[in-house]
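A quick write-up on the structure given underneath.
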Amino acid sequence: MDWAWVGENLGRIRGYALQHLFLTAVPVAAGFVLAFPMSLAAIRWRRLYAPLLGFTGMLFTIPSIALFVLLIPVTGLGPLTAIVPLTIYTLLILIRNTVEGLDGVDPDVREAAEAMGYTRGRRLLGVELPLALPVIVAGLRIATVTTVGLVTITALIGAGGLGRLIVDGFTLFFPTSVVVGVVLSVAFAVAADLVLLAGQKALTPWRAGRA
Amino acid sequence: MITFESVTKQFPGGTTAVDELHLQVPDGEVVVLVGPSGCGKTTILRMVNRMIEPSGGRVAVNGEDVMRTSPPRLRRGIGYVIQGIGLFPHRTIAQNVATVPKLEGWDDDRIKARVDELIETVGLPDGVRDRYPHQLSGGQQQRVGVARALAADPPVMLMDEPFAAVDPIVRTRLQDEFLRLQSEVRKTIVFVTHDIDEAIKMGDRIAILSQGGHLQQYATPKELLAEPANDFVADFLGAERGLKRLALIPVSQVEAAPGPVVAPGAGIDEARRVAETHSSDWVVVVDDEGRARGWARLDELDGRGPVDGVRLRDFELTVHADDSLRTALNALVISRHGVAVRLGDGDRYEGLLTRELLSEELR
Ligand SMILES: Nc1ncnc2c1ncn2[C@@H]1O[C@H](COP(=O)(O)OP(=O)(O)O)[C@@H](O)[C@H]1O
Ligand SMILES: [Mg+2]
C-alpha cells in the first residue's frame, strides 16, 4: 500500500466516487420510474405480467460488456452508454418486487379499504403502497447493490467511476490503486444498502418489534 | 330500508350465486342471512354496497337504486365489518377509526371528538388510541373494526361473520355488547352467519338460504322455530328446535300454578286445608309483602303454633320471571321434585312452575 499516493490523489479518488454515485443513482431511479407504471399495468392486466418478466429477465441475462459495446455506436463513449444498460438491468428486480409487494397486501385490508369508500388511486397511495413498501425497498436494495458492482465495469468504456482506479492499477501494475478501487466500491455498496434499509425502517414505524 | 327485488347474480364462471331474491330489511332491524357455506350470503351482502354488482334485478337502499350512486359515495354511507377485520396495519387505532370521516373531509377537531366517543362506545381502553392493530388482541381488534364501521354514523351496516374468528367466550361477549349497542343506535343491519344459534340470538328477522341463494324462509326467530316452512329449514334449525324456541320465551309467558300458599301466622288447620285443596303435603309460606319465605311439610308442623314457628325450609329451586323457559326446563330436569318456585322482582312469590306446565307449552 502506497499511502502517500492515496494522499496525493484524494481529489481524483473523490471525483471517481462521485461519478460512481451518479452512475448508480441515475439508473436505479430511472429504472424505478419505468418499473413502477409497468408494475401497475401488470397488476391491472394480469396477462402482461408473465411476458413482462420474461422480457426483462432475458435482458438481464445479456452480459453487460456485450450490451455496453452494442450501444457505443448509438450513444458514443460516455455516461449515457453506461446508464441505459444499467437501467435496463434493474427492471426485472424492480418490477418483480413491486408487483409482489402490492400483491402481498392482505386481501382483508384491501377489501376493507374498498368497502370504506376509497377510490382506486387513494387506496393505492394511502394503503397498498405503504404496506408494500418493505418488499419494494428490498427490490431497490438488490438493484442498487447490483448496479454498484456493474458500474465498476463501466470504466472499461470510459464512463468513469471507481472502476477507473482498478483498470488504471492493472494497466500500470500499481496494486494500491486496485485495492483502493475495490475497497471503496464494496464500502459504497454496503453503505447504499444500509441507507436504503434505514430509510425503509423510518417509513414503516408500525413494523417496529415485528419480524 | 334495504330492498332486494328479483335480484340475481351470475358469476362469469357460470355459477348462479343468487337467484331471483326478494327481501326487505326494515329500518332499525337486524336481518340475519344464514345458510350453509356457499349458499350466496356474502354475495347478497356485497351487492348492497356494490362490492358485487347484480346481474339482474334491483337493490335499493332507502328507495334509491344502489347502481345510481358512485361506489365510493355509496360505501361511505354503509358500515362494513368482516370476519378478517382488515384493520390498516400501518395506521394507529385512532387513525383506523377515523378512516371514513377523513375520506369525507371532516375537520380534525370533529374527527378527534368522534374517535374518542367511539373508542369508549365499543368498550376499548383509552390507552389503545395510539397503538397499532397488531398490538391488540383479536377481540379488541374486532371492536376497532366495529368502531371504524360506525365512525361516520352510517344508517346501514353490513356484517359478514364478524365474530366467527374469535374464541367462544369473547364471541359471546362481543355479541352481547353488540346487541346492547344496537338497542341504542338502531342501525339497519344485514348480518351474515353460518351459525343458526348466532342467527337466533342476533336477528330481529332471519332469512334462511339454500344453495344458489334461494330464500327458504324469512321470519322472526320465534316464528321460524315454531313453524319451519319446509324440511330444509327444519333440518337447518336442527334437532333441538324445541329447546331453541324455549330459549326465546321468558318464564313469565307461562301461567304459573298458584300453589298451596299460607301466611306466616296461619295455624296447622288452615295449612292442612290449603294443602289438601292442592293435593299436596306441604305449603309455601308467603309474607304480607308477597315475599316467599320458605316452605314447610305438614308432618313437621307441631300442631299448636303458627307455621313459621317451625324452621321453614329453603326452596330447592327458584326461577325468575325473566329467565327463559329453557333455563327453567333445564333446572326442572335436574331437580328432585319437578317443581320450581317462580319469583318476580324483589323475590315476590308468583306461583309454581312444574314439568307438566312446561310440557303443555312444548306441545
Ligand atoms: N368472484 C366469484 N367468482 C365466481 N364465483 C363466485 C365468486 N364469489 C362467489 N362465488 C360463488 O358463488 C357462490 C356463493 O358464494 P358466497 O356468496 O361467498 O357464499 P357464502 O358467503 O354463503 O359462503 C359459491 O358457489 C361461490 O363459489
Ligand atoms: Mg361468506
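Residue names in the C-alpha cells use chain letters A, B, ... in the order shown, residue numbers from 1 in each chain, and ligand numbers from 1 in the order shown.
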Subject >> Shell around segment 115-128 of chain A at 9 Å using only C-alpha atoms, local window under 2 positions removed, as a VMD selection string >> reply: (chain A and resid 101 to 103 105 109 to 113 130 to 133) or (chain B and resid 49 to 51 71 to 80 88 90 99 to 100 103 148 to 149)
Store the residues picked out above, limited to C-alpha atoms, as a CSV table (one decimal), in the first residue's frame.
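What ended up in selection-v9.csv:
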```
chain,number,residue,atom,x,y,z
A,101,GLY,CA,-45.2,-6.3,-2.7
A,102,LEU,CA,-48.6,-5.0,-3.9
A,103,ASP,CA,-50.0,-8.5,-4.4
A,105,VAL,CA,-51.2,-6.8,0.7
A,109,VAL,CA,-57.2,-5.0,4.2
A,110,ARG,CA,-57.8,-4.3,0.6
A,111,GLU,CA,-61.4,-5.3,0.9
A,112,ALA,CA,-61.9,-3.1,4.0
A,113,ALA,CA,-60.3,-0.1,2.1
A,130,PRO,CA,-47.2,1.9,2.3
A,131,LEU,CA,-47.9,-1.8,3.1
A,132,ALA,CA,-45.9,-3.0,0.0
A,133,LEU,CA,-43.0,-0.7,0.9
B,49,ASN,CA,-72.5,-1.7,-1.3
B,50,ARG,CA,-71.7,-2.6,-4.9
B,51,MET,CA,-68.6,-4.7,-4.0
B,71,PRO,CA,-69.3,3.3,-5.3
B,72,PRO,CA,-67.2,5.5,-3.0
B,73,ARG,CA,-70.2,7.7,-2.2
B,74,LEU,CA,-72.5,4.8,-1.6
B,75,ARG,CA,-69.9,2.9,0.6
B,76,ARG,CA,-69.2,5.8,2.9
B,77,GLY,CA,-72.8,5.7,4.0
B,78,ILE,CA,-72.7,2.0,4.7
B,79,GLY,CA,-70.7,0.5,7.6
B,80,TYR,CA,-68.8,-2.7,6.8
B,88,PHE,CA,-54.9,-1.0,8.3
B,90,HIS,CA,-49.8,0.9,9.2
B,99,THR,CA,-60.9,6.4,8.1
B,100,VAL,CA,-64.3,7.4,6.7
B,103,LEU,CA,-62.2,10.5,3.5
B,148,ARG,CA,-64.4,2.1,12.3
B,149,ALA,CA,-67.6,1.0,10.6
```
Subject >> Secondary structure check, alpha helix (DSSP H) residues of segment 26-253 of chain B, as an NGL selection string >> reply: :B and (41-48 or 71-76 or 93-97 or 99-103 or 108-121 or 138-150 or 168-185 or 196-202 or 221-226 or 231-237 or 241-248)
Suppose we keep C-alpha atoms; can you now write the selection as a compact mmCIF listing (two decimals), in the first residue's frame?
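What landed in selection-v2.txt:
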```
# COMPACT_ATOMS: atom_id res chain seq x y z
CA LYS B 41 -74.80 -14.97 1.77
CA THR B 42 -71.66 -12.95 1.14
CA THR B 43 -72.71 -12.28 -2.44
CA ILE B 44 -76.08 -10.90 -1.28
CA LEU B 45 -74.39 -8.75 1.36
CA ARG B 46 -71.85 -7.33 -1.05
CA MET B 47 -74.47 -6.37 -3.59
CA VAL B 48 -75.73 -3.77 -1.09
CA PRO B 71 -69.35 3.25 -5.30
CA PRO B 72 -67.19 5.48 -3.05
CA ARG B 73 -70.17 7.74 -2.21
CA LEU B 74 -72.47 4.79 -1.59
CA ARG B 75 -69.94 2.92 0.57
CA ARG B 76 -69.15 5.83 2.85
CA ILE B 93 -56.22 2.60 16.21
CA ALA B 94 -57.35 6.24 16.22
CA GLN B 95 -56.40 6.63 12.55
CA ASN B 96 -58.17 3.39 11.66
CA VAL B 97 -61.37 4.55 13.34
CA THR B 99 -60.91 6.38 8.12
CA VAL B 100 -64.30 7.36 6.72
CA PRO B 101 -64.55 10.77 8.46
CA LYS B 102 -61.14 11.53 6.97
CA LEU B 103 -62.25 10.46 3.49
CA ASP B 108 -59.58 17.47 12.82
CA ASP B 109 -61.43 18.50 15.98
CA ARG B 110 -64.61 16.81 14.91
CA ILE B 111 -62.71 13.65 13.95
CA LYS B 112 -60.90 13.56 17.28
CA ALA B 113 -64.10 14.00 19.26
CA ARG B 114 -65.82 11.26 17.26
CA VAL B 115 -62.91 8.84 17.65
CA ASP B 116 -62.81 9.39 21.42
CA GLU B 117 -66.53 8.79 21.65
CA LEU B 118 -66.38 5.59 19.60
CA ILE B 119 -63.42 4.10 21.44
CA GLU B 120 -65.47 4.42 24.57
CA THR B 121 -68.71 3.21 22.96
CA GLY B 138 -58.32 -10.43 18.43
CA GLY B 139 -61.37 -9.33 20.41
CA GLN B 140 -60.07 -5.77 20.73
CA GLN B 141 -59.30 -5.64 17.01
CA GLN B 142 -62.86 -6.70 16.23
CA ARG B 143 -64.13 -3.85 18.43
CA VAL B 144 -61.95 -1.44 16.47
CA GLY B 145 -63.48 -2.89 13.31
CA VAL B 146 -66.97 -2.11 14.62
CA ALA B 147 -65.91 1.39 15.73
CA ARG B 148 -64.42 2.09 12.29
CA ALA B 149 -67.63 0.95 10.60
CA LEU B 150 -69.71 3.22 12.84
CA PRO B 168 -66.40 -18.63 22.05
CA ILE B 169 -66.14 -16.65 25.29
CA VAL B 170 -65.06 -13.46 23.56
CA ARG B 171 -67.66 -14.09 20.86
CA THR B 172 -70.48 -14.24 23.39
CA ARG B 173 -69.28 -11.01 24.96
CA LEU B 174 -68.98 -9.24 21.60
CA GLN B 175 -72.47 -10.43 20.64
CA ASP B 176 -73.96 -9.18 23.89
CA GLU B 177 -72.22 -5.82 23.61
CA PHE B 178 -73.24 -5.53 20.01
CA LEU B 179 -76.90 -6.12 20.90
CA ARG B 180 -76.69 -3.51 23.66
CA LEU B 181 -75.10 -1.04 21.24
CA GLN B 182 -77.67 -1.79 18.55
CA SER B 183 -80.53 -1.16 21.01
CA GLU B 184 -79.15 2.39 21.27
CA VAL B 185 -78.09 3.16 17.70
CA ILE B 196 -78.01 -20.78 13.43
CA ASP B 197 -77.62 -20.11 17.15
CA GLU B 198 -75.92 -16.81 16.41
CA ALA B 199 -78.70 -16.03 13.93
CA ILE B 200 -81.38 -16.70 16.56
CA LYS B 201 -79.54 -14.59 19.10
CA MET B 202 -78.73 -11.60 16.89
CA PRO B 221 -86.69 -16.30 15.20
CA LYS B 222 -89.79 -17.33 17.15
CA GLU B 223 -91.91 -17.88 14.05
CA LEU B 224 -89.12 -19.79 12.42
CA LEU B 225 -88.67 -22.15 15.35
CA ALA B 226 -92.37 -22.60 15.89
CA ASP B 231 -87.82 -29.74 5.68
CA PHE B 232 -84.77 -27.75 4.65
CA VAL B 233 -85.50 -25.12 7.27
CA ALA B 234 -86.37 -27.71 9.91
CA ASP B 235 -83.13 -29.59 9.20
CA PHE B 236 -81.13 -26.41 9.33
CA LEU B 237 -82.67 -25.43 12.65
CA ARG B 241 -85.50 -26.76 17.63
CA GLY B 242 -88.00 -27.07 20.51
CA LEU B 243 -85.34 -26.18 23.06
CA LYS B 244 -84.10 -23.26 20.97
CA ARG B 245 -87.63 -21.93 20.90
CA LEU B 246 -87.93 -22.24 24.67
CA ALA B 247 -84.77 -20.19 24.98
CA LEU B 248 -86.61 -17.26 23.39
```
**OP:** Throw together the list of residues within 9 Å of ligand 1, counting only C-alpha atoms and all ligand atoms, and drop it here as an MDAnalysis selection string.
**Re:** chainID B and resid 9:18 33:46 52 160:161 192:194 209:213
If we count only C-alpha atoms, what is near segment 9-17 of chain A at a cut-off of 7 Å, once residues fewer than 5 positions away on the same chain are taken out, given as a PDB file with N, CA and C atoms, in the first residue's frame?
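Result saved to selection-v6.pdb:
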```pdb
ATOM      1  N   GLY A 160     -16.143   6.301 -16.466  1.00  0.00           N
ATOM      2  CA  GLY A 160     -15.678   6.763 -15.153  1.00  0.00           C
ATOM      3  C   GLY A 160     -16.162   5.893 -14.018  1.00  0.00           C
ATOM      4  N   GLY A 161     -16.025   6.416 -12.797  1.00  0.00           N
ATOM      5  CA  GLY A 161     -16.400   5.640 -11.613  1.00  0.00           C
ATOM      6  C   GLY A 161     -15.170   5.009 -10.976  1.00  0.00           C
ATOM      7  N   LEU A 162     -15.406   4.375  -9.845  1.00  0.00           N
ATOM      8  CA  LEU A 162     -14.299   3.787  -9.085  1.00  0.00           C
ATOM      9  C   LEU A 162     -13.575   2.695  -9.870  1.00  0.00           C
TER      10      LEU A 162
END
```
Subject >> Close residues, segment 42-44 of chain A itself excluded, 10 Å, only C-alpha atoms, min 4 positions apart in chain, as JSON, numbers by chain >> reply: {"A": [36, 37, 38, 48, 49, 50, 51, 52, 53, 95, 96, 98, 99, 100, 102, 103]}
Subject >> Residues near Ile88 of chain A, cut-off 9 Å, only C-alpha atoms, skip fewer than 2 positions along chain, as a count of residues only >> reply: 12
